[in-house]
Amino acid sequence: MALMDFIKKQFIDIIQWTETGDGTLAWRFPMAEMEIQNGASLTVRESQVAVFVNEGKVADVFGPGMYKLTTQTLPVLTYLKNWDKLFESPFKSDVYFFSTRQQVDQKWGTPQPITIRDKDFGAVRLRAFGNYSFRIGDAKAFHTEISGTRDTYTVADLDGQLRGLVLQNISNAIASSGVPFLDLAANQIQFAQALAAQLVPEFEKIGIKLENITVQNVSLPEELQKILDQKIGMGMVGNDMGKFMQYQTAQAIPKFAEGAAGGGGVAGDAMGLGAGVALGQVLAQNLAQGLSPNVAAAAAAQQQQPSVAVVSAADVMTTLEKLGELKTKGILTQEEFDAKKAELLKKLV
């Protein structure tokens, strides 16, 4: 039995790897105590790379093809082992195969909203997700930096590292693109291109080539989406604060009417106490100003006449509370709020 083991040890004459499934990036040829016969055949299939490692040092790298292992085809290993040109004895070396096939449909996403800087909104928290594909581009770097001496190394083993690189570079990608958030959300291809530009050099450091990355969705958290909707509403009326107040008034009237009809809620209680009468007058005036400029001008002229009563404190407080909510949501600036506040307070004098 010992003699048979010895004979088997001397005649490893075919080295190859046939992949049995998906997801394997690196595989070490099982040497055990066996040695490679000088003149043995090495078969490297398409989408594979073979690497010979001698005592922890990467020696020769082979692309697709069939090779006869001699001192001529193993120049680096020959140098490391100090072989002469007539060397014909069996030798030991670790042999690793790497799959260079494209690994497709790898998912990435933001588990929590990430904060970015935006020239229109300041700090914005967003979510995004998509997929990407990659392949091993530099087997030597991948062996040195990632897979090492493991028997096998899979896509699943690498997944967390690559996801982390994607998330780490999202903010840099958006900043370098100079594209506002609204344009970015509408042009996901441009976002993906900016992200790829950031990721390519990071992937190359570990021997990975990024083939493609897509952005399938970009969204804001719900509370910020509501503020964005209001911002868009202002844009629809030309950023005119007066028109926006009229728009808000028109939206609020049905809600107050429902509350009053049901007799419940704050609006219903206010109507029941009579305070809603004054509020209704304010809402109607704002709406009338937006629907008819002529009516608004006439109302302004009447306000200058001594016979018109001064606006009540309840009306002013109601309007100030409304403006305060707009300022809190970021729709009004502090300066705009202060100016409107001063204007309303003058009416009480």
# chains A, B, ... in the order shown; residues from 1 in each chain; ligands from 1
call {"tool": "select_by_dssp", "arguments": {"residues": "segment 75-161 of chain A", "states": "helix (DSSP H, G or I)", "output": "JSON, numbers by chain"}}
result
{"A": [75, 76, 77, 78, 79, 80, 81, 139, 140, 141, 142, 143, 144, 145, 146, 147, 155, 156, 157, 158, 159, 160, 161]}
call {"tool": "residues_around", "arguments": {"residues": "segment 171-186 of chain A", "least_positions_apart": "4", "cutoff": "12 Å", "atoms": "only C-alpha atoms", "output": "number ranges by chain"}}
result
A: 110, 113-129, 165-167, 190-200, 215-220, 225, 228-229, 231-232
call {"tool": "residues_around", "arguments": {"residues": "segment 138-152 of chain A", "least_positions_apart": "4", "cutoff": "6 Å", "atoms": "only C-alpha atoms", "output": "list in words"}}
result
Ala26, Trp27, Arg28, Ile206 and Gly207 of chain A
call {"tool": "atom_distance", "arguments": {"atom1": "atom CA of Tyr96 of chain A", "atom2": "atom CA of Ser133 of chain A"}}
result
22.9 Å
call {"tool": "residues_around", "arguments": {"residues": "Thr43 of chain A", "least_positions_apart": "2", "cutoff": "9 Å", "atoms": "only C-alpha atoms", "output": "VMD selection string"}}
result
chain A and resid 14 to 17 41 45 50 64 to 67
call {"tool": "select_by_dssp", "arguments": {"residues": "segment 36-167 of chain A", "states": "strand (DSSP E or B)", "output": "JSON, numbers by chain"}}
result
{"A": [36, 37, 38, 39, 40, 41, 42, 43, 44, 48, 49, 50, 51, 52, 53, 54, 57, 58, 59, 60, 61, 62, 65, 66, 67, 68, 91, 94, 95, 96, 97, 98, 99, 103, 104, 105, 106, 107, 108, 109, 114, 115, 116, 117, 118, 122, 123, 124, 125, 126, 127, 128, 129, 130, 131, 132, 133, 134, 135, 136, 152, 153, 154]}
call {"tool": "atom_distance", "arguments": {"atom1": "atom CA of Asp105 of chain A", "atom2": "atom CA of Ile208 of chain A"}}
result
15.5 Å
call {"tool": "decode", "arguments": {"residues": "segment 153-165 of chain A", "atoms": "all heavy atoms", "output": "PDB file, in the first residue's frame"}}
result
ATOM      1  N   TYR A 153     -13.447  30.155  -1.946  1.00  0.00           N
ATOM      2  CA  TYR A 153     -13.918  31.483  -1.571  1.00  0.00           C
ATOM      3  C   TYR A 153     -15.079  31.814  -2.502  1.00  0.00           C
ATOM      4  O   TYR A 153     -14.948  31.718  -3.718  1.00  0.00           O
ATOM      5  CB  TYR A 153     -12.810  32.535  -1.701  1.00  0.00           C
ATOM      6  CG  TYR A 153     -13.116  33.806  -0.956  1.00  0.00           C
ATOM      7  CD1 TYR A 153     -12.715  33.972   0.358  1.00  0.00           C
ATOM      8  CD2 TYR A 153     -13.830  34.842  -1.558  1.00  0.00           C
ATOM      9  CE1 TYR A 153     -13.009  35.132   1.062  1.00  0.00           C
ATOM     10  CE2 TYR A 153     -14.132  35.996  -0.868  1.00  0.00           C
ATOM     11  CZ  TYR A 153     -13.715  36.142   0.444  1.00  0.00           C
ATOM     12  OH  TYR A 153     -14.017  37.288   1.142  1.00  0.00           O
ATOM     13  N   THR A 154     -16.221  32.196  -1.924  1.00  0.00           N
ATOM     14  CA  THR A 154     -17.446  32.328  -2.702  1.00  0.00           C
ATOM     15  C   THR A 154     -17.913  33.780  -2.798  1.00  0.00           C
ATOM     16  O   THR A 154     -17.430  34.664  -2.081  1.00  0.00           O
ATOM     17  CB  THR A 154     -18.572  31.481  -2.085  1.00  0.00           C
ATOM     18  OG1 THR A 154     -18.914  32.044  -0.803  1.00  0.00           O
ATOM     19  CG2 THR A 154     -18.132  30.033  -1.919  1.00  0.00           C
ATOM     20  N   VAL A 155     -18.907  33.977  -3.665  1.00  0.00           N
ATOM     21  CA  VAL A 155     -19.520  35.296  -3.807  1.00  0.00           C
ATOM     22  C   VAL A 155     -20.159  35.725  -2.487  1.00  0.00           C
ATOM     23  O   VAL A 155     -20.081  36.892  -2.103  1.00  0.00           O
ATOM     24  CB  VAL A 155     -20.570  35.274  -4.932  1.00  0.00           C
ATOM     25  CG1 VAL A 155     -21.362  36.577  -4.965  1.00  0.00           C
ATOM     26  CG2 VAL A 155     -19.916  35.028  -6.281  1.00  0.00           C
ATOM     27  N   ALA A 156     -20.771  34.775  -1.785  1.00  0.00           N
ATOM     28  CA  ALA A 156     -21.409  35.095  -0.509  1.00  0.00           C
ATOM     29  C   ALA A 156     -20.395  35.602   0.516  1.00  0.00           C
ATOM     30  O   ALA A 156     -20.705  36.477   1.334  1.00  0.00           O
ATOM     31  CB  ALA A 156     -22.140  33.870   0.034  1.00  0.00           C
ATOM     32  N   ASP A 157     -19.172  35.060   0.466  1.00  0.00           N
ATOM     33  CA  ASP A 157     -18.130  35.521   1.383  1.00  0.00           C
ATOM     34  C   ASP A 157     -17.742  36.972   1.118  1.00  0.00           C
ATOM     35  O   ASP A 157     -17.344  37.705   2.023  1.00  0.00           O
ATOM     36  CB  ASP A 157     -16.879  34.639   1.251  1.00  0.00           C
ATOM     37  CG  ASP A 157     -17.135  33.212   1.692  1.00  0.00           C
ATOM     38  OD1 ASP A 157     -17.929  33.015   2.628  1.00  0.00           O
ATOM     39  OD2 ASP A 157     -16.550  32.286   1.095  1.00  0.00           O
ATOM     40  N   LEU A 158     -17.848  37.400  -0.127  1.00  0.00           N
ATOM     41  CA  LEU A 158     -17.421  38.743  -0.527  1.00  0.00           C
ATOM     42  C   LEU A 158     -18.552  39.757  -0.467  1.00  0.00           C
ATOM     43  O   LEU A 158     -18.304  40.968  -0.489  1.00  0.00           O
ATOM     44  CB  LEU A 158     -16.846  38.680  -1.952  1.00  0.00           C
ATOM     45  CG  LEU A 158     -16.153  39.918  -2.508  1.00  0.00           C
ATOM     46  CD1 LEU A 158     -14.935  40.284  -1.670  1.00  0.00           C
ATOM     47  CD2 LEU A 158     -15.748  39.700  -3.959  1.00  0.00           C
ATOM     48  N   ASP A 159     -19.792  39.296  -0.383  1.00  0.00           N
ATOM     49  CA  ASP A 159     -20.958  40.162  -0.525  1.00  0.00           C
ATOM     50  C   ASP A 159     -20.953  41.335   0.447  1.00  0.00           C
ATOM     51  O   ASP A 159     -21.175  42.484   0.053  1.00  0.00           O
ATOM     52  CB  ASP A 159     -22.230  39.332  -0.349  1.00  0.00           C
ATOM     53  CG  ASP A 159     -23.481  40.170  -0.495  1.00  0.00           C
ATOM     54  OD1 ASP A 159     -23.749  40.612  -1.627  1.00  0.00           O
ATOM     55  OD2 ASP A 159     -24.188  40.389   0.509  1.00  0.00           O
ATOM     56  N   GLY A 160     -20.708  41.077   1.715  1.00  0.00           N
ATOM     57  CA  GLY A 160     -20.748  42.146   2.713  1.00  0.00           C
ATOM     58  C   GLY A 160     -19.716  43.229   2.446  1.00  0.00           C
ATOM     59  O   GLY A 160     -19.986  44.425   2.612  1.00  0.00           O
ATOM     60  N   GLN A 161     -18.499  42.828   2.017  1.00  0.00           N
ATOM     61  CA  GLN A 161     -17.453  43.789   1.731  1.00  0.00           C
ATOM     62  C   GLN A 161     -17.841  44.713   0.577  1.00  0.00           C
ATOM     63  O   GLN A 161     -17.665  45.936   0.644  1.00  0.00           O
ATOM     64  CB  GLN A 161     -16.155  43.039   1.383  1.00  0.00           C
ATOM     65  CG  GLN A 161     -15.004  43.923   0.906  1.00  0.00           C
ATOM     66  CD  GLN A 161     -14.419  44.776   2.011  1.00  0.00           C
ATOM     67  OE1 GLN A 161     -14.705  44.535   3.188  1.00  0.00           O
ATOM     68  NE2 GLN A 161     -13.620  45.755   1.651  1.00  0.00           N
ATOM     69  N   LEU A 162     -18.388  44.146  -0.493  1.00  0.00           N
ATOM     70  CA  LEU A 162     -18.749  44.950  -1.654  1.00  0.00           C
ATOM     71  C   LEU A 162     -19.940  45.857  -1.358  1.00  0.00           C
ATOM     72  O   LEU A 162     -19.978  47.017  -1.797  1.00  0.00           O
ATOM     73  CB  LEU A 162     -19.052  44.045  -2.855  1.00  0.00           C
ATOM     74  CG  LEU A 162     -17.880  43.193  -3.354  1.00  0.00           C
ATOM     75  CD1 LEU A 162     -18.263  42.442  -4.616  1.00  0.00           C
ATOM     76  CD2 LEU A 162     -16.638  44.049  -3.599  1.00  0.00           C
ATOM     77  N   ARG A 163     -20.918  45.355  -0.614  1.00  0.00           N
ATOM     78  CA  ARG A 163     -22.050  46.207  -0.229  1.00  0.00           C
ATOM     79  C   ARG A 163     -21.563  47.409   0.579  1.00  0.00           C
ATOM     80  O   ARG A 163     -22.030  48.541   0.397  1.00  0.00           O
ATOM     81  CB  ARG A 163     -23.053  45.416   0.618  1.00  0.00           C
ATOM     82  CG  ARG A 163     -23.967  44.484  -0.177  1.00  0.00           C
ATOM     83  CD  ARG A 163     -24.799  43.669   0.801  1.00  0.00           C
ATOM     84  NE  ARG A 163     -25.648  42.705   0.153  1.00  0.00           N
ATOM     85  CZ  ARG A 163     -26.970  42.836   0.023  1.00  0.00           C
ATOM     86  NH1 ARG A 163     -27.564  43.919   0.491  1.00  0.00           N
ATOM     87  NH2 ARG A 163     -27.684  41.912  -0.575  1.00  0.00           N
ATOM     88  N   GLY A 164     -20.637  47.154   1.491  1.00  0.00           N
ATOM     89  CA  GLY A 164     -20.095  48.244   2.304  1.00  0.00           C
ATOM     90  C   GLY A 164     -19.404  49.303   1.457  1.00  0.00           C
ATOM     91  O   GLY A 164     -19.541  50.506   1.711  1.00  0.00           O
ATOM     92  N   LEU A 165     -18.667  48.872   0.436  1.00  0.00           N
ATOM     93  CA  LEU A 165     -18.002  49.830  -0.452  1.00  0.00           C
ATOM     94  C   LEU A 165     -19.020  50.673  -1.215  1.00  0.00           C
ATOM     95  O   LEU A 165     -18.823  51.878  -1.410  1.00  0.00           O
ATOM     96  CB  LEU A 165     -17.095  49.091  -1.437  1.00  0.00           C
ATOM     97  CG  LEU A 165     -15.792  48.510  -0.870  1.00  0.00           C
ATOM     98  CD1 LEU A 165     -15.055  47.714  -1.929  1.00  0.00           C
ATOM     99  CD2 LEU A 165     -14.895  49.630  -0.332  1.00  0.00           C
TER     100      LEU A 165
END
